[in-house]
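*Asks:* The structure that follows is given in the form of structure tokens.
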Amino acid sequence: MSVEAVRDVNPLPQRYLTAGTGIGGTIKTRPEDFLVEEVPLYDPCGTGEHLYLGIQKTGVSHMELISHLRRHFDVPRRAIGFAGMKDKAAVTQQTISIYLPEGRWMPGPVQHERIDVLWTSRHTNKIRLGHLAGNRFSIRIRDVDPVKVTVIPAMLARLHDVCLPNYFGSQRFGYRRNNHLLGLLLLRQDFDGMAAELLGSTGSAFPEYQLQRRELFDEGRFEAAAAMWTPADRNELTVCKAFAGGRSGGSAVRAVGRTALTFWISALQSAVFNRVLDRRLLDETLDHLVEGDLAWKHDNGAVFRVTAAELSRPELSQRVAARDVSPSGPLWGAGMTSAEGAVGVIERDALHSLGVSCDELESGLVRFKGARRPLRVPVHNAVTDAGADEHGPYIRVAFDLPPGAYATVLLREIMKTPESESSQPE
């Protein structure tokens with residue numbers, strides 16, 4: 001399948017669990033309207049080689065935060081640990097770890113007008129991705145009639161009873177909705193195609209203000225094009241500078257570093273997962289298991305195969321109804337356990353719809369790790385209210401989600417507008 005054909009496949013969620021008309025509105029009009037608090041999996045013990053920082057950032061991207069801490073503490077990027085990447089257009093609190101053995105020289109206070117260190121401690125291990133119990137959100141929806149708050153409790157009740165469809169949100173795919181395409185091109189080792197998609201004028205849609213710099217790249221005027229990109233466009237700037245410096249193809253694209261390359265691959269996995277979840281919602285099989293499924297145990301993340309014998313056991317349906325067990329979907333890659341039967345067909349069809357074959361995954365050109373992900377996740381402590389402040393009326397929605405789940409996906413169920421999945425350049 002050509003990249004042009006895959007470009008027509010929307011990677012974003014296409015279906016809703018909740019019924020009825022949404023309340024509309026907009027989010028992220030200002031950082032203080034989108035509050036995120038990381039719920040830690042454990043507390044630091046007070047001793048160890050890793051310095052733990054309680055960080056609050058306002059309007060700062062994840063990459064900007066990590067880059068600032070790396071420079072401040074004079075450590076390599078691999079010395080810094082985090083449990084998850086938090087939104088830029090928000091006020092967020094999270095814990096960051098830095099490998100700094102006791103007795104080593106320590107710099108002064110972190111100096112940044114939008115990054116605050118709330119506390120420090122020490123612990124024996126680095127924080128790894130997923131080392132958190134969840135995230136707590138409090139979000140104000142603007143440009144909305146506050147009276148519409150009355151329709152939200154029924155939607156939240158539905159999301160509580162069935163659970164939230166565990167879609168990947170717009171952040172995963174970028175403001176051009178093309179991160180998965182970059183992942184597909186990377187999988188195919190088409191580095192010239194990657195450069196054209198990232199920097200040229202003939203790929204996915206882009207803001208009008210970027211037209212000149214993209215046309216300059218197409219003309220081979222790399223230095224002039226690089227001069228128009230800003231540090232906020234880190235990947236574009238990095239690759240364009242690499243071309244201006246005489247590098248080309250894979251060498252230029254790889255200049256973005258392992259983190260960006262891995263993220264593009266994960267976006268491809270995410271797009272496939274979203275298509276599987278679309279089908280499960282269409283088939284109304286989100287809240288029950290089907291023969292051939294790989295069931296996800298929410299208490300420990302283990303999976304087990306669902307056979308006809310398993311389905312005949314009443315206790316299994318009770319565990320599903322109690323939201324202890326859920327169907328899972330694929331994050332295609334090496335080591336992933338595949339579903340069987342009709343469920344396996346759905347998952348393979350979703351993979352093919354994104355232009356990927358099973359043979360490509362196993363070709364060895366690009367090896368990346370596969371996994372399973374629950375198709376639904378529980379929503380806890382959900383409340384809503386309405387009010388007004390100096391910026392006008394709003395409806396506030398607060399809730400807790402487990403690691404890896406997107407607040408914008410829950411808001412999408414309530415708002416039912418494209419703006420609820422908005423994503424802007426960082």
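The way I read the labels, and the way they are meant: chains A, B, ... in the order of the structure tokens, residue 1 as the first residue of every chain, and ligand 1 as the first ligand shown, with later ones counted on from there.
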Contacts of segment 125-131 of chain A at 8 Å or less, counting only C-alpha atoms, minus same-chain residues fewer than 2 places along, as a ChimeraX atom specification?

*Replies:* /A:40-41,48-50,80-84,96-99,123,133,403-404

*Asks:* Skipping near chain neighbours, those fewer than 3 positions away, what residues fall within 7 Å of Ala405 of chain A using only C-alpha atoms, listed as a ChimeraX atom specification?

*Replies:* /A:166,401-402

*Asks:* Near Arg254 of chain A, counting only C-alpha atoms, which residues have an atom at most 9 Å away, once you skip same-chain residues fewer than 5 positions from it, shown as number ranges by chain?

*Replies:* A: 191, 239, 249, 260-261

*Asks:* Got a sec to tell me which of segment 155-296 of chain A DSSP assigns to strand (DSSP E), as a PyMOL selection string?

*Replies:* chain A and resi 164-165+294-296

*Asks:* Once you have the residues from the selection above, write them out as a compact mmCIF listing (two decimals), in the first residue's frame, restricted to N, CA and C atoms.

*Replies:*
```
# COMPACT_ATOMS: atom_id res chain seq x y z
N LEU A 164 -13.75 3.71 29.80
CA LEU A 164 -13.38 4.62 28.73
C LEU A 164 -12.70 3.84 27.60
N PRO A 165 -13.14 4.00 26.35
CA PRO A 165 -12.38 3.42 25.24
C PRO A 165 -10.95 3.98 25.27
N LEU A 294 -7.32 -11.85 23.79
CA LEU A 294 -6.33 -11.89 24.86
C LEU A 294 -6.82 -10.94 25.94
N ALA A 295 -7.25 -11.49 27.06
CA ALA A 295 -7.86 -10.70 28.12
C ALA A 295 -6.78 -10.02 28.96
N TRP A 296 -7.01 -8.79 29.32
CA TRP A 296 -6.07 -7.97 30.10
C TRP A 296 -6.52 -7.93 31.56
```

*Asks:* Could you pull out the alpha helix (DSSP H) residues of segment 97-304 of chain A, going by DSSP on the backbone, and write them as number ranges by chain?

*Replies:* A: 152-162, 179-187, 191-199, 211-218, 222-226, 234-244, 249-253, 258-282

*Asks:* For Val397 of chain A, which residue out of A:Asp8, A:Glu347, A:Glu197, A:Asp385 is the nearest one, using only C-alpha atoms?

*Replies:*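 For Val397 of chain A, the nearest of the given residues is A:Asp385.
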
*Asks:* Which of these residues is nearest to Val383 of chain A, using only C-alpha atoms: A:Gln171, A:Asn10, A:Thr259, A:Thr150?

*Replies:*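 Looking only at the distances to Val383 of chain A, the closest residue turns out to be A:Thr150.
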
*Asks:* Give me, as a PyMOL selection string, all polymer residues having an atom no more than 9 Å from Ile414 of chain A, counting only C-alpha atoms and skipping those fewer than 5 positions away in the same chain.

*Replies:* chain A and resi 18+21-24+151-152+155-156+420

*Asks:* Could the residues in this selection be saved with N, CA and C atoms as a short mmCIF file (atom, residue, chain, number, x, y, z; two decimals), in the first residue's frame?

*Replies:*
```cif
data_model
loop_
_atom_site.label_atom_id
_atom_site.label_comp_id
_atom_site.auth_asym_id
_atom_site.auth_seq_id
_atom_site.Cartn_x
_atom_site.Cartn_y
_atom_site.Cartn_z
N THR A 18 -20.38 7.00 24.32
CA THR A 18 -21.56 7.71 24.82
C THR A 18 -22.45 8.17 23.68
N THR A 21 -25.81 14.30 21.80
CA THR A 21 -25.04 15.45 21.36
C THR A 21 -24.10 15.91 22.46
N GLY A 22 -22.89 16.25 22.11
CA GLY A 22 -21.94 16.74 23.10
C GLY A 22 -22.20 18.18 23.49
N ILE A 23 -21.46 18.66 24.45
CA ILE A 23 -21.66 20.03 24.95
C ILE A 23 -20.86 21.05 24.15
N GLY A 24 -19.99 20.60 23.24
CA GLY A 24 -19.18 21.54 22.49
C GLY A 24 -18.11 22.17 23.36
N VAL A 151 -26.04 17.61 31.46
CA VAL A 151 -26.06 16.39 30.64
C VAL A 151 -24.81 15.54 30.87
N ILE A 152 -23.83 16.08 31.58
CA ILE A 152 -22.56 15.37 31.72
C ILE A 152 -22.63 14.19 32.67
N MET A 155 -23.26 10.92 30.99
CA MET A 155 -22.13 10.47 30.18
C MET A 155 -21.05 9.87 31.07
N LEU A 156 -20.76 10.54 32.19
CA LEU A 156 -19.75 10.02 33.10
C LEU A 156 -20.17 8.68 33.69
N SER A 420 -12.00 19.13 20.69
CA SER A 420 -11.67 18.36 21.89
C SER A 420 -10.49 17.44 21.67
#
```

*Asks:* With the cut-off set at 12 Å and counting only C-alpha atoms, tabulate each residue of segment 150-189 of chain A with an atom at most that distance from an atom of segment 231-237 of chain A, showing the nearest atom pair and its distance in Å to one decimal, ordered by chain and increasing number, as a Markdown table.

*Replies:*
```
| residue | atom | partner | partner_atom | distance |
| --- | --- | --- | --- | --- |
| A:Gly174 | CA | A:Asp233 | CA | 11.6 |
| A:Tyr175 | CA | A:Asp233 | CA | 11.4 |
| A:Asn179 | CA | A:Asn235 | CA | 11.5 |
| A:Leu182 | CA | A:Asn235 | CA | 11.8 |
```

*Asks:* Next, dump the selected residues to file, keeping only C-alpha atoms, as an mmCIF file, in the first residue's frame.

*Replies:*
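Listed below is the output, part-v6.cif:
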```cif
data_model
loop_
_atom_site.group_PDB
_atom_site.id
_atom_site.type_symbol
_atom_site.label_atom_id
_atom_site.label_comp_id
_atom_site.auth_asym_id
_atom_site.auth_seq_id
_atom_site.Cartn_x
_atom_site.Cartn_y
_atom_site.Cartn_z
ATOM 1 C CA GLY A 174 1.135 15.460 16.100
ATOM 2 C CA TYR A 175 -0.447 18.641 14.839
ATOM 3 C CA ASN A 179 3.602 10.811 13.028
ATOM 4 C CA LEU A 182 6.830 8.856 9.543
#
```
